[in-house]
file start-v2.tsv (TSV, C-alpha atoms (C1' of nucleotides))
chain	number	residue	atom	x	y	z
T	1	MET	CA	-8.51	10.77	34.01
T	2	THR	CA	-8.12	7.43	35.69
T	3	ASP	CA	-6.15	4.69	34.05
T	4	ALA	CA	-8.33	2.52	31.89
T	5	PRO	CA	-8.58	-0.89	33.53
T	6	PRO	CA	-6.56	-3.51	31.66
T	7	LYS	CA	-8.59	-5.73	29.39
T	8	PRO	CA	-9.25	-9.27	30.59
T	9	ARG	CA	-7.18	-11.69	28.57
T	10	ARG	CA	-9.77	-14.34	28.00
T	11	ARG	CA	-9.10	-16.79	25.15
T	12	LYS	CA	-11.19	-15.72	22.22
T	13	GLY	CA	-10.96	-18.87	20.15
T	14	LEU	CA	-9.07	-16.94	17.53
T	15	THR	CA	-8.14	-19.07	14.55
T	16	ARG	CA	-6.37	-18.64	11.23
T	17	ALA	CA	-9.54	-19.71	9.50
T	18	ARG	CA	-11.70	-17.24	11.44
T	19	ILE	CA	-9.22	-14.45	10.74
T	20	LEU	CA	-9.09	-15.16	7.01
T	21	ALA	CA	-12.86	-15.43	6.74
T	22	GLU	CA	-13.38	-12.14	8.52
T	23	ALA	CA	-10.70	-10.49	6.37
T	24	VAL	CA	-12.50	-11.63	3.22
T	25	THR	CA	-15.77	-10.26	4.55
T	26	LEU	CA	-14.14	-6.96	5.39
T	27	ALA	CA	-12.46	-6.70	2.00
T	28	ASP	CA	-15.76	-7.44	0.27
T	29	ALA	CA	-17.53	-4.80	2.30
T	30	GLU	CA	-15.03	-1.95	2.36
T	31	GLY	CA	-12.35	-2.83	-0.18
T	32	ILE	CA	-8.95	-4.38	0.31
T	33	GLY	CA	-7.51	-1.04	1.37
T	34	ALA	CA	-9.67	-1.09	4.45
T	35	VAL	CA	-8.15	-4.35	5.65
T	36	SER	CA	-5.68	-3.25	8.29
T	37	MET	CA	-4.45	-5.36	11.15
T	38	ARG	CA	-6.16	-3.08	13.65
T	39	LYS	CA	-9.51	-2.87	11.93
T	40	LEU	CA	-9.54	-6.59	11.28
T	41	ALA	CA	-8.61	-7.29	14.90
T	42	ALA	CA	-11.34	-4.96	16.16
T	43	ARG	CA	-13.93	-6.87	14.16
T	44	LEU	CA	-12.80	-10.03	15.86
T	45	GLY	CA	-12.94	-8.41	19.30
T	46	VAL	CA	-9.20	-8.58	19.67
T	47	GLU	CA	-6.08	-6.39	19.63
T	48	ALA	CA	-4.01	-6.15	16.46
T	49	MET	CA	-1.00	-8.01	17.78
T	50	SER	CA	-3.08	-11.03	18.69
T	51	LEU	CA	-3.46	-11.78	15.00
T	52	TYR	CA	0.24	-12.47	14.76
T	53	ASN	CA	-0.23	-15.63	16.75
T	54	HIS	CA	-2.08	-17.12	13.79
T	55	VAL	CA	-0.83	-15.24	10.78
T	56	GLY	CA	2.72	-14.49	9.72
T	57	GLY	CA	2.02	-10.87	8.91
T	58	LYS	CA	0.17	-8.73	6.46
T	59	ASP	CA	1.61	-10.57	3.46
T	60	ASP	CA	0.71	-13.96	4.81
T	61	LEU	CA	-2.76	-12.67	5.54
T	62	ALA	CA	-3.17	-11.42	1.98
T	63	ALA	CA	-1.88	-14.69	0.54
T	64	GLY	CA	-4.31	-16.62	2.70
T	65	MET	CA	-7.21	-14.45	1.59
T	66	ALA	CA	-6.38	-14.89	-2.09
T	67	ASP	CA	-6.01	-18.64	-1.73
T	68	LEU	CA	-9.30	-18.84	0.12
T	69	VAL	CA	-11.04	-17.13	-2.78
T	70	VAL	CA	-9.49	-19.45	-5.35
T	71	GLY	CA	-10.33	-22.40	-3.15
T	72	SER	CA	-13.98	-21.39	-3.16
T	73	ALA	CA	-14.01	-22.29	-6.86
T	74	GLY	CA	-13.62	-25.96	-6.06
T	75	THR	CA	-11.69	-28.38	-8.26
T	76	PRO	CA	-12.72	-30.05	-11.52
T	77	GLY	CA	-14.69	-33.25	-11.01
T	78	ASP	CA	-14.47	-36.50	-13.01
T	79	GLY	CA	-17.03	-35.89	-15.72
T	80	PRO	CA	-16.13	-35.47	-19.43
T	81	TRP	CA	-12.81	-33.64	-19.59
T	82	ARG	CA	-13.99	-30.80	-21.75
T	83	ASP	CA	-16.98	-29.93	-19.59
T	84	GLU	CA	-14.94	-30.20	-16.42
T	85	VAL	CA	-12.14	-27.96	-17.61
T	86	HIS	CA	-14.60	-25.49	-19.02
T	87	THR	CA	-16.56	-25.35	-15.81
T	88	ALA	CA	-13.46	-25.12	-13.65
T	89	ALA	CA	-12.16	-22.12	-15.59
T	90	HIS	CA	-15.46	-20.35	-15.26
T	91	ALA	CA	-15.59	-21.18	-11.57
T	92	ILE	CA	-12.31	-19.35	-11.00
T	93	ARG	CA	-13.52	-16.43	-13.06
T	94	THR	CA	-16.72	-16.28	-11.04
T	95	ALA	CA	-14.97	-16.49	-7.70
T	96	LEU	CA	-12.71	-13.61	-8.71
T	97	ALA	CA	-15.69	-11.60	-9.94
T	98	ARG	CA	-17.20	-11.98	-6.50
T	99	HIS	CA	-13.97	-10.81	-4.84
T	100	PRO	CA	-12.21	-8.50	-7.32
T	101	TRP	CA	-9.63	-7.37	-4.77
T	102	ALA	CA	-8.18	-10.88	-4.87
T	103	VAL	CA	-6.92	-10.51	-8.44
T	104	PRO	CA	-4.01	-8.17	-7.72
T	105	LEU	CA	-3.12	-10.36	-4.76
T	106	LEU	CA	-2.93	-13.44	-6.97
T	107	ALA	CA	-0.63	-11.56	-9.29
T	108	ALA	CA	1.56	-10.33	-6.45
T	109	MET	CA	2.12	-13.56	-4.59
T	110	PRO	CA	3.17	-17.16	-5.16
T	111	PRO	CA	0.26	-19.60	-5.45
T	112	GLY	CA	-1.20	-21.08	-2.28
T	113	PRO	CA	-2.11	-24.73	-1.64
T	114	ARG	CA	-5.68	-24.54	-2.93
T	115	ARG	CA	-4.64	-22.87	-6.13
T	116	LEU	CA	-1.92	-25.45	-6.68
T	117	ALA	CA	-4.45	-28.20	-6.05
T	118	HIS	CA	-6.76	-26.72	-8.64
T	119	ALA	CA	-3.97	-26.57	-11.19
T	120	GLU	CA	-2.93	-30.13	-10.45
T	121	ALA	CA	-6.46	-31.46	-10.80
T	122	THR	CA	-6.89	-29.67	-14.11
T	123	ARG	CA	-3.62	-31.08	-15.46
T	124	ALA	CA	-4.78	-34.54	-14.46
T	125	ARG	CA	-8.03	-34.17	-16.43
T	126	LEU	CA	-6.14	-32.97	-19.48
T	127	ALA	CA	-3.71	-35.83	-19.25
T	128	GLU	CA	-6.53	-38.33	-19.02
T	129	ALA	CA	-7.96	-36.77	-22.15
T	130	GLY	CA	-4.91	-37.98	-24.01
T	131	LEU	CA	-2.51	-35.05	-23.85
T	132	ASP	CA	1.11	-35.73	-22.96
T	133	ALA	CA	2.32	-34.25	-19.67
T	134	ALA	CA	4.11	-31.24	-21.18
T	135	THR	CA	1.14	-30.27	-23.32
T	136	ALA	CA	-1.26	-30.70	-20.42
T	137	ALA	CA	0.92	-28.44	-18.30
T	138	SER	CA	1.09	-25.72	-20.93
T	139	ALA	CA	-2.63	-25.96	-21.56
T	140	GLN	CA	-3.47	-25.70	-17.89
T	141	GLU	CA	-1.20	-22.70	-17.58
T	142	ALA	CA	-2.84	-20.99	-20.53
T	143	ILE	CA	-6.34	-21.66	-19.27
T	144	GLU	CA	-5.64	-20.43	-15.75
T	145	ALA	CA	-3.87	-17.39	-17.14
T	146	LEU	CA	-6.82	-16.66	-19.36
T	147	ALA	CA	-9.28	-16.90	-16.46
T	148	ILE	CA	-7.19	-14.69	-14.19
T	149	GLY	CA	-6.40	-12.25	-16.96
T	150	CYS	CA	-10.06	-11.90	-17.82
T	151	ALA	CA	-10.81	-11.24	-14.18
T	152	ALA	CA	-8.07	-8.62	-14.16
T	153	MET	CA	-9.64	-6.92	-17.15
T	154	GLY	CA	-13.17	-7.16	-15.87
T	155	ASP	CA	-14.19	-8.70	-19.17
T	156	GLY	CA	-17.80	-9.20	-20.13
T	157	GLY	CA	-18.00	-5.80	-21.74
T	158	THR	CA	-17.85	-7.46	-25.14
T	159	GLU	CA	-20.72	-9.26	-26.76
T	160	LEU	CA	-19.13	-12.65	-26.34
T	161	ASP	CA	-17.33	-12.79	-23.02
T	162	GLY	CA	-13.51	-12.75	-23.46
T	163	LEU	CA	-13.12	-15.88	-21.35
T	164	GLU	CA	-15.87	-17.81	-23.09
T	165	PHE	CA	-14.44	-16.92	-26.46
T	166	GLY	CA	-10.79	-17.64	-25.71
T	167	LEU	CA	-11.60	-20.77	-23.76
T	168	GLY	CA	-13.68	-22.07	-26.66
T	169	LEU	CA	-10.83	-21.66	-29.11
T	170	ILE	CA	-8.33	-23.25	-26.74
T	171	LEU	CA	-10.53	-26.24	-25.94
T	172	GLU	CA	-11.23	-26.76	-29.63
T	173	GLY	CA	-7.52	-26.68	-30.31
T	174	LEU	CA	-6.88	-29.19	-27.55
T	175	GLU	CA	-9.53	-31.48	-28.95
T	176	ARG	CA	-7.68	-31.47	-32.24
T	177	LEU	CA	-4.37	-32.07	-30.52
T	178	ARG	CA	-5.34	-35.21	-28.63
T	179	SER	CA	-5.37	-38.41	-30.61
F	1	MET	CA	20.34	23.93	18.28
F	2	THR	CA	19.75	26.70	15.78
F	3	ASP	CA	16.81	26.57	13.42
F	4	ALA	CA	17.74	24.86	10.18
F	5	PRO	CA	17.80	27.45	7.40
F	6	PRO	CA	14.83	27.05	5.05
F	7	LYS	CA	15.60	25.32	1.80
F	8	PRO	CA	15.82	27.51	-1.28
F	9	ARG	CA	12.75	27.10	-3.48
F	10	ARG	CA	14.40	26.96	-6.84
F	11	ARG	CA	12.40	25.46	-9.68
F	12	LYS	CA	13.58	21.90	-10.25
F	13	GLY	CA	11.97	21.27	-13.59
F	14	LEU	CA	9.85	18.57	-12.01
F	15	THR	CA	7.56	16.89	-14.50
F	16	ARG	CA	4.98	14.12	-14.50
F	17	ALA	CA	7.12	12.24	-17.00
F	18	ARG	CA	10.27	12.61	-14.91
F	19	ILE	CA	8.41	11.50	-11.80
F	20	LEU	CA	6.93	8.43	-13.49
F	21	ALA	CA	10.25	7.46	-15.01
F	22	GLU	CA	12.05	7.72	-11.69
F	23	ALA	CA	9.27	5.78	-9.97
F	24	VAL	CA	9.69	2.95	-12.47
F	25	THR	CA	13.43	2.93	-11.91
F	26	LEU	CA	12.92	2.84	-8.16
F	27	ALA	CA	10.37	0.04	-8.37
F	28	ASP	CA	12.71	-1.97	-10.59
F	29	ALA	CA	15.58	-1.50	-8.18
F	30	GLU	CA	13.92	-1.94	-4.79
F	31	GLY	CA	10.45	-3.31	-5.45
F	32	ILE	CA	7.11	-1.58	-5.66
F	33	GLY	CA	6.88	-1.56	-1.86
F	34	ALA	CA	9.83	0.81	-1.71
F	35	VAL	CA	8.06	3.40	-3.82
F	36	SER	CA	6.85	5.92	-1.27
F	37	MET	CA	6.16	9.56	-1.96
F	38	ARG	CA	9.02	10.63	0.27
F	39	LYS	CA	11.60	8.22	-1.08
F	40	LEU	CA	10.62	9.01	-4.64
F	41	ALA	CA	10.78	12.73	-3.94
F	42	ALA	CA	14.18	12.40	-2.33
F	43	ARG	CA	15.51	10.73	-5.47
F	44	LEU	CA	14.31	13.69	-7.47
F	45	GLY	CA	15.90	16.16	-5.05
F	46	VAL	CA	12.55	17.39	-3.90
F	47	GLU	CA	10.15	17.18	-0.95
F	48	ALA	CA	7.28	14.71	-0.95
F	49	MET	CA	4.51	17.25	-1.30
F	50	SER	CA	5.99	18.74	-4.42
F	51	LEU	CA	5.03	15.62	-6.30
F	52	TYR	CA	1.39	16.46	-5.81
F	53	ASN	CA	1.76	19.34	-8.24
F	54	HIS	CA	2.18	16.83	-11.03
F	55	VAL	CA	0.50	13.68	-9.80
F	56	GLY	CA	-2.94	13.21	-8.32
F	57	GLY	CA	-1.74	11.00	-5.50
F	58	LYS	CA	-0.33	7.57	-4.88
F	59	ASP	CA	-3.01	5.86	-6.94
F	60	ASP	CA	-2.53	8.14	-9.90
F	61	LEU	CA	1.19	7.56	-9.62
F	62	ALA	CA	0.73	3.81	-9.66
F	63	ALA	CA	-1.65	3.99	-12.62
F	64	GLY	CA	0.83	6.10	-14.52
F	65	MET	CA	3.65	3.68	-13.80
F	66	ALA	CA	1.64	0.70	-15.00
F	67	ASP	CA	0.55	2.47	-18.15
F	68	LEU	CA	4.11	3.51	-18.85
F	69	VAL	CA	5.21	-0.11	-18.71
F	70	VAL	CA	2.46	-1.25	-21.06
F	71	GLY	CA	3.25	1.64	-23.35
F	72	SER	CA	6.85	0.47	-23.58
F	73	ALA	CA	5.52	-2.55	-25.48
F	74	GLY	CA	4.58	-0.36	-28.43
F	75	THR	CA	1.57	-1.05	-30.65
F	76	PRO	CA	1.11	-3.62	-33.44
F	77	GLY	CA	2.40	-2.40	-36.81
F	78	ASP	CA	0.88	-2.98	-40.21
F	79	GLY	CA	2.49	-6.21	-41.29
F	80	PRO	CA	0.57	-9.50	-41.70
F	81	TRP	CA	-2.15	-9.59	-39.04
F	82	ARG	CA	-1.12	-12.86	-37.48
F	83	ASP	CA	2.52	-11.89	-37.03
F	84	GLU	CA	1.61	-8.47	-35.70
F	85	VAL	CA	-0.87	-9.75	-33.13
F	86	HIS	CA	1.51	-12.50	-32.09
F	87	THR	CA	4.36	-10.06	-31.66
F	88	ALA	CA	2.23	-7.52	-29.82
F	89	ALA	CA	1.08	-10.08	-27.28
F	90	HIS	CA	4.64	-11.18	-26.64
F	91	ALA	CA	5.73	-7.57	-26.35
F	92	ILE	CA	3.30	-7.01	-23.49
F	93	ARG	CA	4.40	-10.21	-21.83
F	94	THR	CA	8.04	-9.15	-22.14
F	95	ALA	CA	7.43	-5.65	-20.81
F	96	LEU	CA	5.68	-7.14	-17.78
F	97	ALA	CA	8.48	-9.64	-17.27
F	98	ARG	CA	10.88	-6.72	-17.10
F	99	HIS	CA	8.69	-4.95	-14.54
F	100	PRO	CA	6.82	-7.65	-12.63
F	101	TRP	CA	5.50	-5.21	-10.03
F	102	ALA	CA	3.33	-3.68	-12.76
F	103	VAL	CA	1.13	-6.77	-13.05
F	104	PRO	CA	-0.81	-6.33	-9.81
F	105	LEU	CA	-1.19	-2.66	-10.64
F	106	LEU	CA	-2.76	-3.48	-14.00
F	107	ALA	CA	-5.18	-5.77	-12.24
F	108	ALA	CA	-6.04	-3.19	-9.63
F	109	MET	CA	-6.69	-0.17	-11.79
F	110	PRO	CA	-8.65	0.85	-14.89
F	111	PRO	CA	-6.60	0.85	-18.11
F	112	GLY	CA	-4.61	3.97	-18.99
F	113	PRO	CA	-4.36	5.67	-22.37
F	114	ARG	CA	-1.44	3.67	-23.72
F	115	ARG	CA	-3.03	0.39	-22.81
F	116	LEU	CA	-6.27	1.43	-24.44
F	117	ALA	CA	-4.36	2.46	-27.54
F	118	HIS	CA	-2.69	-0.93	-27.68
F	119	ALA	CA	-6.05	-2.66	-27.41
F	120	GLU	CA	-7.58	-0.46	-30.07
F	121	ALA	CA	-4.73	-1.05	-32.50
F	122	THR	CA	-4.98	-4.79	-31.99
F	123	ARG	CA	-8.73	-4.77	-32.60
F	124	ALA	CA	-8.12	-2.86	-35.82
F	125	ARG	CA	-5.67	-5.48	-37.07
F	126	LEU	CA	-8.10	-8.26	-36.27
F	127	ALA	CA	-10.92	-6.46	-38.03
F	128	GLU	CA	-8.78	-5.95	-41.10
F	129	ALA	CA	-8.12	-9.67	-41.05
F	130	GLY	CA	-11.79	-10.24	-41.71
F	131	LEU	CA	-13.30	-10.65	-38.25
F	132	ASP	CA	-16.49	-8.78	-37.47
F	133	ALA	CA	-16.24	-6.11	-34.79
F	134	ALA	CA	-17.70	-8.17	-31.95
F	135	THR	CA	-15.43	-11.12	-32.65
F	136	ALA	CA	-12.40	-8.88	-32.95
F	137	ALA	CA	-13.23	-7.30	-29.59
F	138	SER	CA	-13.61	-10.66	-27.86
F	139	ALA	CA	-10.44	-11.96	-29.45
F	140	GLN	CA	-8.43	-8.91	-28.40
F	141	GLU	CA	-9.77	-9.25	-24.88
F	142	ALA	CA	-8.81	-12.91	-24.74
F	143	ILE	CA	-5.33	-12.29	-26.08
F	144	GLU	CA	-4.57	-9.42	-23.73
F	145	ALA	CA	-5.99	-11.40	-20.82
F	146	LEU	CA	-3.79	-14.33	-21.74
F	147	ALA	CA	-0.67	-12.17	-21.89
F	148	ILE	CA	-1.39	-10.45	-18.58
F	149	GLY	CA	-2.45	-13.68	-16.95
F	150	CYS	CA	0.75	-15.41	-18.03
F	151	ALA	CA	2.74	-12.51	-16.61
F	152	ALA	CA	0.78	-12.86	-13.36
F	153	MET	CA	1.68	-16.54	-13.20
F	154	GLY	CA	5.28	-16.08	-14.17
F	155	ASP	CA	4.81	-18.72	-16.82
F	156	GLY	CA	7.73	-20.22	-18.69
F	157	GLY	CA	8.15	-22.97	-16.14
F	158	THR	CA	6.58	-25.39	-18.58
F	159	GLU	CA	8.30	-26.87	-21.59
F	160	LEU	CA	6.22	-24.86	-24.06
F	161	ASP	CA	5.60	-21.39	-22.65
F	162	GLY	CA	1.94	-20.95	-21.52
F	163	LEU	CA	1.55	-17.81	-23.61
F	164	GLU	CA	3.09	-19.27	-26.74
F	165	PHE	CA	0.91	-22.33	-26.44
F	166	GLY	CA	-2.37	-20.58	-25.74
F	167	LEU	CA	-1.70	-17.85	-28.25
F	168	GLY	CA	-0.98	-20.44	-30.92
F	169	LEU	CA	-4.31	-22.17	-30.36
F	170	ILE	CA	-6.21	-18.89	-30.31
F	171	LEU	CA	-4.62	-17.57	-33.48
F	172	GLU	CA	-5.24	-20.84	-35.24
F	173	GLY	CA	-8.87	-20.66	-34.19
F	174	LEU	CA	-9.13	-17.10	-35.46
F	175	GLU	CA	-7.64	-18.13	-38.77
F	176	ARG	CA	-10.38	-20.70	-39.15
F	177	LEU	CA	-13.02	-18.17	-38.10
F	178	ARG	CA	-12.24	-15.56	-40.73
F	179	SER	CA	-13.53	-16.19	-44.23
U	1	DT	C1'	12.44	48.60	-16.58
U	2	DG	C1'	9.32	47.46	-12.84
U	3	DC	C1'	5.71	45.03	-10.90
U	4	DC	C1'	2.18	41.67	-10.25
U	5	DG	C1'	0.23	37.15	-9.96
U	6	DC	C1'	0.52	32.38	-10.73
U	7	DC	C1'	2.74	28.18	-10.31
U	8	DT	C1'	5.87	25.32	-8.04
U	9	DA	C1'	8.21	23.91	-4.25
U	10	DC	C1'	8.57	23.75	0.82
U	11	DT	C1'	6.82	23.23	5.81
U	12	DT	C1'	4.10	21.54	9.17
U	13	DA	C1'	0.88	18.49	10.98
U	14	DC	C1'	-2.26	14.52	11.52
U	15	DA	C1'	-4.26	10.16	11.49
U	16	DC	C1'	-2.95	5.75	10.49
U	17	DT	C1'	-0.04	1.84	9.09
U	18	DG	C1'	2.76	-2.77	10.14
U	19	DT	C1'	5.14	-4.89	13.55
U	20	DA	C1'	9.23	-5.55	17.21
U	21	DT	C1'	9.32	-6.24	21.86
U	22	DG	C1'	7.83	-7.31	26.39
U	23	DT	C1'	4.13	-8.63	29.85
U	24	DT	C1'	0.27	-11.12	31.62
U	25	DT	C1'	-2.79	-14.86	32.04
U	26	DG	C1'	-5.83	-18.81	30.78
U	27	DC	C1'	-5.62	-23.57	30.14
U	28	DG	C1'	-4.12	-28.30	29.14
U	29	DA	C1'	-0.79	-31.76	30.55
U	30	DA	C1'	1.86	-34.04	34.12
D	1	DT	C1'	-1.97	-29.00	42.27
D	2	DT	C1'	1.52	-27.13	39.74
D	3	DC	C1'	4.08	-25.97	35.68
D	4	DG	C1'	4.92	-24.33	31.12
D	5	DC	C1'	3.36	-22.90	26.83
D	6	DA	C1'	0.56	-20.48	23.84
D	7	DA	C1'	-2.56	-16.77	23.21
D	8	DA	C1'	-3.92	-12.52	24.37
D	9	DC	C1'	-2.77	-7.65	25.67
D	10	DA	C1'	0.21	-3.17	26.05
D	11	DT	C1'	3.58	-0.09	24.54
D	12	DA	C1'	6.40	1.93	21.24
D	13	DC	C1'	8.54	3.29	16.86
D	14	DA	C1'	9.57	4.35	12.27
D	15	DG	C1'	7.25	5.12	8.26
D	16	DT	C1'	3.01	6.08	5.38
D	17	DG	C1'	-0.28	9.30	2.40
D	18	DT	C1'	-1.87	13.70	2.19
D	19	DA	C1'	-4.56	18.10	3.82
D	20	DA	C1'	-3.55	22.82	4.65
D	21	DG	C1'	-0.85	26.74	4.65
D	22	DT	C1'	3.44	29.54	3.20
D	23	DA	C1'	7.16	31.41	0.42
D	24	DG	C1'	9.65	32.51	-3.51
D	25	DG	C1'	11.08	32.20	-8.69
D	26	DC	C1'	9.57	33.32	-13.23
D	27	DG	C1'	6.60	34.70	-17.23
D	28	DG	C1'	3.76	38.36	-18.95
D	29	DC	C1'	2.29	42.87	-19.06
D	30	DA	C1'	2.66	47.92	-18.04

call {"tool": "encode", "arguments": {"input": "start-v2.tsv", "output": "structure tokens"}}
result
Amino acid sequence: MTDAPPKPRRRKGLTRARILAEAVTLADAEGIGAVSMRKLAARLGVEAMSLYNHVGGKDDLAAGMADLVVGSAGTPGDGPWRDEVHTAAHAIRTALARHPWAVPLLAAMPPGPRRLAHAEATRARLAEAGLDAATAASAQEAIEALAIGCAAMGDGGTELDGLEFGLGLILEGLERLRS
Amino acid sequence: MTDAPPKPRRRKGLTRARILAEAVTLADAEGIGAVSMRKLAARLGVEAMSLYNHVGGKDDLAAGMADLVVGSAGTPGDGPWRDEVHTAAHAIRTALARHPWAVPLLAAMPPGPRRLAHAEATRARLAEAGLDAATAASAQEAIEALAIGCAAMGDGGTELDGLEFGLGLILEGLERLRS
DNA sequence: TGCCGCCTACTTACACTGTATGTTTGCGAA
DNA sequence: TTCGCAAACATACAGTGTAAGTAGGCGGCA
């Protein structure tokens, strides 16, 4: 048994973005439990410890993955407030349906930059619609909670989707509140 | 170095309930990450593998813990429907606030018996209030999602709590819907 | 009373985890 | 051309879940 020759240490162009993207792909394919530093590194043609040059650790990795998923939902545009908020909530729900493993991560970690941006944009729309700042904040919180909660429950089993139903009532209530 | 004498194999009265209760205590004290089979077993004066006589594995343990927490919220009683549903939603939110580690578990696993019972009881109240079955199911889904989602977000940062606000709008909408 | 068999608890072992620490080397800046 | 830093590798360790096998206490039956 001769010693294995040491690997060449060529730069691999490893990047936080590349790592997160590959981690999401891996989680989608084999479940979040299959995402280990070694397996992820192997997929990137790299040793496990190399990841630590771009990622703080397993927790940071998980947070980055979750935020990436939320970020894929985009932020509400500048159309009519009710349509925008409605669409934005569904976009989050859809993104989480595509990556169900992200839901527990969202619940386990503080919000990342993209998620905060989404929340901020939604609050802005609500404020423009005529709600005072406190009400807009509470409303945004309720809507995001509803979207995430529905994702956590895997709703859609009922005739009228839990999100669609709850969101409808909330938006109607908000309509009545502004004035 | 003499061989360590083998431990006596006295019955310890180990029970699924005792295991789950101790696991919850441990998670509360040191975080869910500290709940390992060995550490949990040690607290019960037992070896790790003994737990497997009462628990299917780590996943089953986690599911049992989460369901225990939800169960601690009780089920809606038979007072006025609106008060009961309101109280029940807050009870879940409070139970999850007391055991925040349970939120990601709820999102990661199918609902346990106590959670299902809670949902069923809530649906029954809503049906009695005059909502047809499909509407009651959607409403229950929305309300539970809102409570869990608020727990996942650690709401309460806003002036009017996200749950209180959203729940108010939803209940008001339901009031208008029945007739 | 004696004995048998099941259930519970223990032991050992294995593959795998995250990551602390230390070493090498490619590459851009001076 | 040389120097220094960042990015990659290598090694190592404590801890994980759990499969498989073993031993002993206790309930039920003779």

call {"tool": "closest_atom_pairs", "arguments": {"input": "start-v2.tsv", "of": "segment 12-97 of chain T", "to": "segment 148-152 of chain T", "cutoff": "8 Å", "atoms": "all atoms listed in the file", "output": "CSV"}}
result
residue,atom,partner,partner_atom,distance
T:Ile92,CA,T:Ile148,CA,7.6
T:Arg93,CA,T:Ala151,CA,6.0
T:Leu96,CA,T:Ala151,CA,6.3
T:Ala97,CA,T:Ala151,CA,6.5

call {"tool": "interface_residues", "arguments": {"input": "start-v2.tsv", "of": "chain F", "to": "chain U", "cutoff": "10 Å", "atoms": "all atoms listed in the file", "output": "MDAnalysis selection string"}}
result
chainID F and resid 6:14 46:51 53:54

call {"tool": "interface_residues", "arguments": {"input": "start-v2.tsv", "of": "chain F", "to": "chain T", "cutoff": "10 Å", "atoms": "all atoms listed in the file", "output": "JSON, numbers by chain"}}
result
{"F": [100, 101, 102, 103, 104, 105, 106, 107, 108, 109, 110, 111, 133, 134, 135, 136, 137, 138, 139, 140, 141, 142, 143, 144, 145, 146, 147, 148, 149, 150, 151, 152, 153, 154, 155, 156, 157, 158, 159, 160, 161, 162, 163, 164, 165, 166, 167, 168, 169, 170, 171, 172, 173, 174, 177]}

call {"tool": "write_last_selection", "arguments": {"input": "start-v2.tsv", "atoms": "C-alpha atoms", "output": "compact mmCIF listing (two decimals), keeping the file's coordinate frame"}}
result
# COMPACT_ATOMS: atom_id res chain seq x y z
CA PRO F 100 6.82 -7.65 -12.63
CA TRP F 101 5.50 -5.21 -10.03
CA ALA F 102 3.33 -3.68 -12.76
CA VAL F 103 1.13 -6.77 -13.05
CA PRO F 104 -0.81 -6.33 -9.81
CA LEU F 105 -1.19 -2.66 -10.64
CA LEU F 106 -2.76 -3.48 -14.00
CA ALA F 107 -5.18 -5.77 -12.24
CA ALA F 108 -6.04 -3.19 -9.63
CA MET F 109 -6.69 -0.17 -11.79
CA PRO F 110 -8.65 0.85 -14.89
CA PRO F 111 -6.60 0.85 -18.11
CA ALA F 133 -16.24 -6.11 -34.79
CA ALA F 134 -17.70 -8.17 -31.95
CA THR F 135 -15.43 -11.12 -32.65
CA ALA F 136 -12.40 -8.88 -32.95
CA ALA F 137 -13.23 -7.30 -29.59
CA SER F 138 -13.61 -10.66 -27.86
CA ALA F 139 -10.44 -11.96 -29.45
CA GLN F 140 -8.43 -8.91 -28.40
CA GLU F 141 -9.77 -9.25 -24.88
CA ALA F 142 -8.81 -12.91 -24.74
CA ILE F 143 -5.33 -12.29 -26.08
CA GLU F 144 -4.57 -9.42 -23.73
CA ALA F 145 -5.99 -11.40 -20.82
CA LEU F 146 -3.79 -14.33 -21.74
CA ALA F 147 -0.67 -12.17 -21.89
CA ILE F 148 -1.39 -10.45 -18.58
CA GLY F 149 -2.45 -13.68 -16.95
CA CYS F 150 0.75 -15.41 -18.03
CA ALA F 151 2.74 -12.51 -16.61
CA ALA F 152 0.78 -12.86 -13.36
CA MET F 153 1.68 -16.54 -13.20
CA GLY F 154 5.28 -16.08 -14.17
CA ASP F 155 4.81 -18.72 -16.82
CA GLY F 156 7.73 -20.22 -18.69
CA GLY F 157 8.15 -22.97 -16.14
CA THR F 158 6.58 -25.39 -18.58
CA GLU F 159 8.30 -26.87 -21.59
CA LEU F 160 6.22 -24.86 -24.06
CA ASP F 161 5.60 -21.39 -22.65
CA GLY F 162 1.94 -20.95 -21.52
CA LEU F 163 1.55 -17.81 -23.61
CA GLU F 164 3.09 -19.27 -26.74
CA PHE F 165 0.91 -22.33 -26.44
CA GLY F 166 -2.37 -20.58 -25.74
CA LEU F 167 -1.70 -17.85 -28.25
CA GLY F 168 -0.98 -20.44 -30.92
CA LEU F 169 -4.31 -22.17 -30.36
CA ILE F 170 -6.21 -18.89 -30.31
CA LEU F 171 -4.62 -17.57 -33.48
CA GLU F 172 -5.24 -20.84 -35.24
CA GLY F 173 -8.87 -20.66 -34.19
CA LEU F 174 -9.13 -17.10 -35.46
CA LEU F 177 -13.02 -18.17 -38.10

call {"tool": "interface_residues", "arguments": {"input": "start-v2.tsv", "of": "chain D", "to": "chain F", "cutoff": "10 Å", "atoms": "only C-alpha atoms (C1' of nucleotides)", "output": "PyMOL selection string"}}
result
chain D and resi 15-18+23-26

call {"tool": "atom_distance", "arguments": {"input": "start-v2.tsv", "atom1": "atom CA of Gly64 of chain F", "atom2": "atom CA of Arg98 of chain T"}}
result
26.8 Å

call {"tool": "atom_distance", "arguments": {"input": "start-v2.tsv", "atom1": "atom CA of Thr75 of chain T", "atom2": "atom CA of Arg18 of chain T"}}
result
22.6 Å

call {"tool": "atom_distance", "arguments": {"input": "start-v2.tsv", "atom1": "atom CA of Arg123 of chain F", "atom2": "atom CA of Arg176 of chain F"}}
result
17.3 Å

call {"tool": "axis_aligned_box", "arguments": {"input": "start-v2.tsv", "around": "segment 18-25 of chain U", "padding_each_side": "3 Å", "output": "AutoDock Vina command-line options"}}
result
--center_x 3.3 --center_y -8.8 --center_z 21.1 --size_x 18.1 --size_y 18.1 --size_z 27.9
